[in-house]
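Trainee: After the structure tokens below, expect a handful of questions from me.
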Amino acid sequence: MRVEGVQRIAALAPADVYRSLTDPDVLARCTPGLKEIERVGEGDYRVVLEIGVAAVKGRYEGHLRVLSPSPPDGFTLGVDVSGQSGFVRAEVPIALAAAEGGTELRYGGEAQVGGAVAGVGQRVLGGVAKWIVGQFFGALAREAAARRVGGEKA
């Protein structure tokens, strides 16, 4: 399954967006369904996710990894989670670039999905992935705005 998109993060420089995307506290507040995140190594986080969207319901455990870090330009996000419903594995390059009024974030990669969750079909999975990404970036934008108002860097 292809996962790709472009997001604009208003009023934040690429370095601030990079820092936010690699901060486990920010990830915990912004990632839908993220119940636990624990750093187990440099750029390696053990995670527990509980997703309750459409046919992709369930508890998934595994790792999020920051691969090939290149601050502030980006990194590759490694995802490897599994649960009773199946698994998701992906390596998704994330590129950050200064843009008018903030940062442009581009991501794109292939996700491998297996088990019962793969049986729901590409269309449903694509919709769920878009919903999760939208929720994440909406929360990240709200967090960034709150930090700007509070005078703290994101």
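In the structure tokens, chains take the letters A, B, ... in the order shown, each chain's residues start at 1, and ligands count up from 1 in the order shown.
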Excluding stretch 36-48 of chain A and its own-chain neighbours fewer than 6 positions away, which residues fall within 9 Å of it when counting only C-alpha atoms? Please give them as a PyMOL selection string.
Mentor: chain A and resi 22+24-25+27-28+59-67+69+81
Trainee: Stretch 26-74 of chain A: which residues are strand (DSSP E) by DSSP, as an NGL selection string?
Mentor: :A and (34-41 or 44-53 or 56-70 or 74)
Trainee: The selected residues should be written to file as a CSV table (one decimal), in the first residue's frame (atoms: C-alpha atoms).
Mentor:
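Below is the file again-v5.csv, written as the result:
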chain,number,residue,atom,x,y,z
A,34,LEU,CA,-0.8,5.7,20.8
A,35,LYS,CA,-1.1,4.3,24.3
A,36,GLU,CA,2.5,3.8,25.2
A,37,ILE,CA,5.9,4.9,23.9
A,38,GLU,CA,9.2,4.0,25.5
A,39,ARG,CA,12.6,4.8,24.2
A,40,VAL,CA,14.7,1.7,23.9
A,41,GLY,CA,17.6,3.0,22.0
A,44,ASP,CA,14.1,3.5,18.6
A,45,TYR,CA,10.8,3.5,20.4
A,46,ARG,CA,8.7,0.6,21.6
A,47,VAL,CA,5.0,1.5,21.0
A,48,VAL,CA,1.6,0.2,21.8
A,49,LEU,CA,-1.3,1.5,19.6
A,50,GLU,CA,-5.0,0.9,19.9
A,51,ILE,CA,-6.8,1.6,16.7
A,52,GLY,CA,-10.5,1.7,16.6
A,53,VAL,CA,-11.3,2.8,13.0
A,56,VAL,CA,-8.7,-1.9,11.4
A,57,LYS,CA,-9.6,-2.3,15.0
A,58,GLY,CA,-7.2,-3.7,17.5
A,59,ARG,CA,-4.1,-3.4,19.6
A,60,TYR,CA,-0.7,-3.3,17.9
A,61,GLU,CA,2.7,-3.5,19.5
A,62,GLY,CA,6.1,-2.9,18.0
A,63,HIS,CA,8.6,-0.2,17.1
A,64,LEU,CA,8.9,3.2,15.6
A,65,ARG,CA,12.4,4.0,14.4
A,66,VAL,CA,14.1,7.1,13.2
A,67,LEU,CA,16.3,5.8,10.4
A,68,SER,CA,18.9,7.8,8.4
A,69,PRO,CA,18.5,11.0,10.6
A,70,SER,CA,19.5,14.1,8.8
A,74,GLY,CA,14.4,14.8,7.5
Trainee: If you measure from atom CA of A:Gln112 to atom CA of A:Val128, what distance in Å do you get, rounded to one decimal?
Mentor: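 It comes out at 14.6 Å.
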Trainee: Please provide as a PDB file with N, CA and C atoms, in the first residue's frame all residues within 12 Å of stretch 114-127 of chain A, with the sequence filter that same-chain residues fewer than 4 positions apart are discarded (counting only C-alpha atoms).
Mentor:
ATOM      1  N   MET A   1       0.845  -1.171   0.000  1.00  0.00           N
ATOM      2  CA  MET A   1       0.000   0.000   0.000  1.00  0.00           C
ATOM      3  C   MET A   1       0.887   1.229   0.000  1.00  0.00           C
ATOM      4  N   ARG A   2       0.605   2.142  -0.892  1.00  0.00           N
ATOM      5  CA  ARG A   2       1.371   3.383  -0.992  1.00  0.00           C
ATOM      6  C   ARG A   2       0.861   4.392   0.031  1.00  0.00           C
ATOM      7  N   VAL A   3       1.797   5.038   0.737  1.00  0.00           N
ATOM      8  CA  VAL A   3       1.482   6.076   1.715  1.00  0.00           C
ATOM      9  C   VAL A   3       2.290   7.294   1.308  1.00  0.00           C
ATOM     10  N   GLU A   4       1.586   8.390   0.960  1.00  0.00           N
ATOM     11  CA  GLU A   4       2.315   9.588   0.554  1.00  0.00           C
ATOM     12  C   GLU A   4       1.458  10.820   0.755  1.00  0.00           C
ATOM     13  N   GLY A   5       2.138  11.957   0.855  1.00  0.00           N
ATOM     14  CA  GLY A   5       1.419  13.201   0.995  1.00  0.00           C
ATOM     15  C   GLY A   5       2.340  14.370   1.248  1.00  0.00           C
ATOM     16  N   ILE A  51      -6.055   1.011  17.797  1.00  0.00           N
ATOM     17  CA  ILE A  51      -6.762   1.648  16.691  1.00  0.00           C
ATOM     18  C   ILE A  51      -8.193   1.132  16.688  1.00  0.00           C
ATOM     19  N   VAL A  53     -10.691   2.171  14.201  1.00  0.00           N
ATOM     20  CA  VAL A  53     -11.266   2.794  13.018  1.00  0.00           C
ATOM     21  C   VAL A  53     -11.667   1.717  12.023  1.00  0.00           C
ATOM     22  N   ALA A  54     -12.904   1.738  11.601  1.00  0.00           N
ATOM     23  CA  ALA A  54     -13.429   0.813  10.584  1.00  0.00           C
ATOM     24  C   ALA A  54     -13.042  -0.622  10.939  1.00  0.00           C
ATOM     25  N   ALA A  55     -12.585  -1.360   9.955  1.00  0.00           N
ATOM     26  CA  ALA A  55     -12.230  -2.763  10.173  1.00  0.00           C
ATOM     27  C   ALA A  55     -10.805  -2.928  10.673  1.00  0.00           C
ATOM     28  N   VAL A  56     -10.114  -1.823  10.936  1.00  0.00           N
ATOM     29  CA  VAL A  56      -8.725  -1.876  11.374  1.00  0.00           C
ATOM     30  C   VAL A  56      -8.665  -1.697  12.885  1.00  0.00           C
ATOM     31  N   LYS A  57      -9.534  -2.369  13.595  1.00  0.00           N
ATOM     32  CA  LYS A  57      -9.586  -2.264  15.045  1.00  0.00           C
ATOM     33  C   LYS A  57      -8.610  -3.240  15.665  1.00  0.00           C
ATOM     34  N   GLY A  58      -8.041  -2.822  16.785  1.00  0.00           N
ATOM     35  CA  GLY A  58      -7.184  -3.742  17.507  1.00  0.00           C
ATOM     36  C   GLY A  58      -6.036  -3.055  18.210  1.00  0.00           C
ATOM     37  N   ARG A  59      -5.279  -3.875  18.893  1.00  0.00           N
ATOM     38  CA  ARG A  59      -4.104  -3.433  19.637  1.00  0.00           C
ATOM     39  C   ARG A  59      -2.874  -3.909  18.863  1.00  0.00           C
ATOM     40  N   TYR A  60      -1.958  -2.993  18.630  1.00  0.00           N
ATOM     41  CA  TYR A  60      -0.749  -3.293  17.878  1.00  0.00           C
ATOM     42  C   TYR A  60       0.459  -2.893  18.721  1.00  0.00           C
ATOM     43  N   ASP A  80       7.076  -0.888  12.490  1.00  0.00           N
ATOM     44  CA  ASP A  80       6.955  -2.344  12.525  1.00  0.00           C
ATOM     45  C   ASP A  80       6.071  -2.687  13.717  1.00  0.00           C
ATOM     46  N   VAL A  81       4.778  -2.859  13.464  1.00  0.00           N
ATOM     47  CA  VAL A  81       3.819  -3.168  14.530  1.00  0.00           C
ATOM     48  C   VAL A  81       2.974  -4.367  14.121  1.00  0.00           C
ATOM     49  N   SER A  82       2.547  -5.116  15.130  1.00  0.00           N
ATOM     50  CA  SER A  82       1.688  -6.267  14.849  1.00  0.00           C
ATOM     51  C   SER A  82       0.727  -6.478  16.005  1.00  0.00           C
ATOM     52  N   GLY A  83      -0.352  -7.197  15.696  1.00  0.00           N
ATOM     53  CA  GLY A  83      -1.362  -7.527  16.680  1.00  0.00           C
ATOM     54  C   GLY A  83      -2.180  -8.697  16.172  1.00  0.00           C
ATOM     55  N   GLN A  84      -3.257  -9.032  16.865  1.00  0.00           N
ATOM     56  CA  GLN A  84      -4.093 -10.156  16.458  1.00  0.00           C
ATOM     57  C   GLN A  84      -4.680  -9.967  15.066  1.00  0.00           C
ATOM     58  N   SER A  85      -4.897  -8.708  14.677  1.00  0.00           N
ATOM     59  CA  SER A  85      -5.514  -8.430  13.378  1.00  0.00           C
ATOM     60  C   SER A  85      -4.523  -8.454  12.225  1.00  0.00           C
ATOM     61  N   GLY A  86      -3.224  -8.471  12.520  1.00  0.00           N
ATOM     62  CA  GLY A  86      -2.240  -8.474  11.449  1.00  0.00           C
ATOM     63  C   GLY A  86      -1.052  -7.606  11.780  1.00  0.00           C
ATOM     64  N   PHE A  87      -0.376  -7.129  10.737  1.00  0.00           N
ATOM     65  CA  PHE A  87       0.829  -6.333  10.940  1.00  0.00           C
ATOM     66  C   PHE A  87       0.919  -5.223   9.905  1.00  0.00           C
ATOM     67  N   VAL A  88       1.747  -4.225  10.255  1.00  0.00           N
ATOM     68  CA  VAL A  88       2.090  -3.143   9.337  1.00  0.00           C
ATOM     69  C   VAL A  88       3.595  -2.932   9.449  1.00  0.00           C
ATOM     70  N   ARG A  89       4.256  -2.940   8.304  1.00  0.00           N
ATOM     71  CA  ARG A  89       5.689  -2.641   8.227  1.00  0.00           C
ATOM     72  C   ARG A  89       5.886  -1.606   7.128  1.00  0.00           C
ATOM     73  N   ALA A  90       6.682  -0.604   7.442  1.00  0.00           N
ATOM     74  CA  ALA A  90       6.929   0.424   6.431  1.00  0.00           C
ATOM     75  C   ALA A  90       8.207   1.172   6.743  1.00  0.00           C
ATOM     76  N   GLU A 110       6.144   2.782   0.753  1.00  0.00           N
ATOM     77  CA  GLU A 110       5.285   1.605   0.661  1.00  0.00           C
ATOM     78  C   GLU A 110       5.138   0.964   2.032  1.00  0.00           C
ATOM     79  N   TRP A 131      -6.961   9.146   7.476  1.00  0.00           N
ATOM     80  CA  TRP A 131      -7.591   9.672   8.692  1.00  0.00           C
ATOM     81  C   TRP A 131      -6.553   9.803   9.799  1.00  0.00           C
ATOM     82  N   ILE A 132      -5.724   8.771  10.003  1.00  0.00           N
ATOM     83  CA  ILE A 132      -4.711   8.798  11.061  1.00  0.00           C
ATOM     84  C   ILE A 132      -3.710   9.919  10.805  1.00  0.00           C
ATOM     85  N   VAL A 133      -3.227  10.039   9.567  1.00  0.00           N
ATOM     86  CA  VAL A 133      -2.270  11.093   9.218  1.00  0.00           C
ATOM     87  C   VAL A 133      -2.907  12.464   9.441  1.00  0.00           C
ATOM     88  N   GLY A 134      -4.149  12.637   9.031  1.00  0.00           N
ATOM     89  CA  GLY A 134      -4.840  13.907   9.226  1.00  0.00           C
ATOM     90  C   GLY A 134      -4.989  14.263  10.696  1.00  0.00           C
TER      91      GLY A 134
END
Trainee: Using DSSP on the backbone coordinates, identify all residues within chain A classified as alpha helix (DSSP H); present the result as a ChimeraX atom specification.
Mentor: /A:14-21,24-30,122-150
Trainee: Need the shell around A:Thr31: protein/DNA/RNA residues with any atom at most 8 Å away, counting only C-alpha atoms. Skip same-chain ones fewer than 5 positions apart. Format as a list in words?
Mentor: Ile132, Gln135, Phe136 and Ala139 of chain A
Trainee: Show me, as JSON, numbers by chain, the residues that have an atom within 10 Å of A:Val6 when counting only C-alpha atoms, minus same-chain residues fewer than 4 positions from it.
Mentor: {"A": [94, 95, 96, 104, 105, 106, 107, 108]}
Trainee: Just C-alpha atoms for this one: save the residues we selected as an mmCIF file, in the first residue's frame.
Mentor:
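Listing of result.cif after writing:
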data_model
loop_
_atom_site.group_PDB
_atom_site.id
_atom_site.type_symbol
_atom_site.label_atom_id
_atom_site.label_comp_id
_atom_site.auth_asym_id
_atom_site.auth_seq_id
_atom_site.Cartn_x
_atom_site.Cartn_y
_atom_site.Cartn_z
ATOM 1 C CA ILE A 94 10.118 12.274 5.446
ATOM 2 C CA ALA A 95 11.618 15.410 3.861
ATOM 3 C CA LEU A 96 11.386 18.841 5.479
ATOM 4 C CA GLU A 104 6.681 21.825 3.928
ATOM 5 C CA LEU A 105 6.772 18.164 4.904
ATOM 6 C CA ARG A 106 6.746 15.500 2.178
ATOM 7 C CA TYR A 107 6.398 11.809 2.879
ATOM 8 C CA GLY A 108 6.056 8.794 0.687
#
Trainee: Grab the atom CA of A:Lys130 to atom CA of A:Gln7 distance for me, in Å with one decimal place.
Mentor: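 Result for atom CA of A:Lys130 versus atom CA of A:Gln7: 11.9 Å, one decimal.
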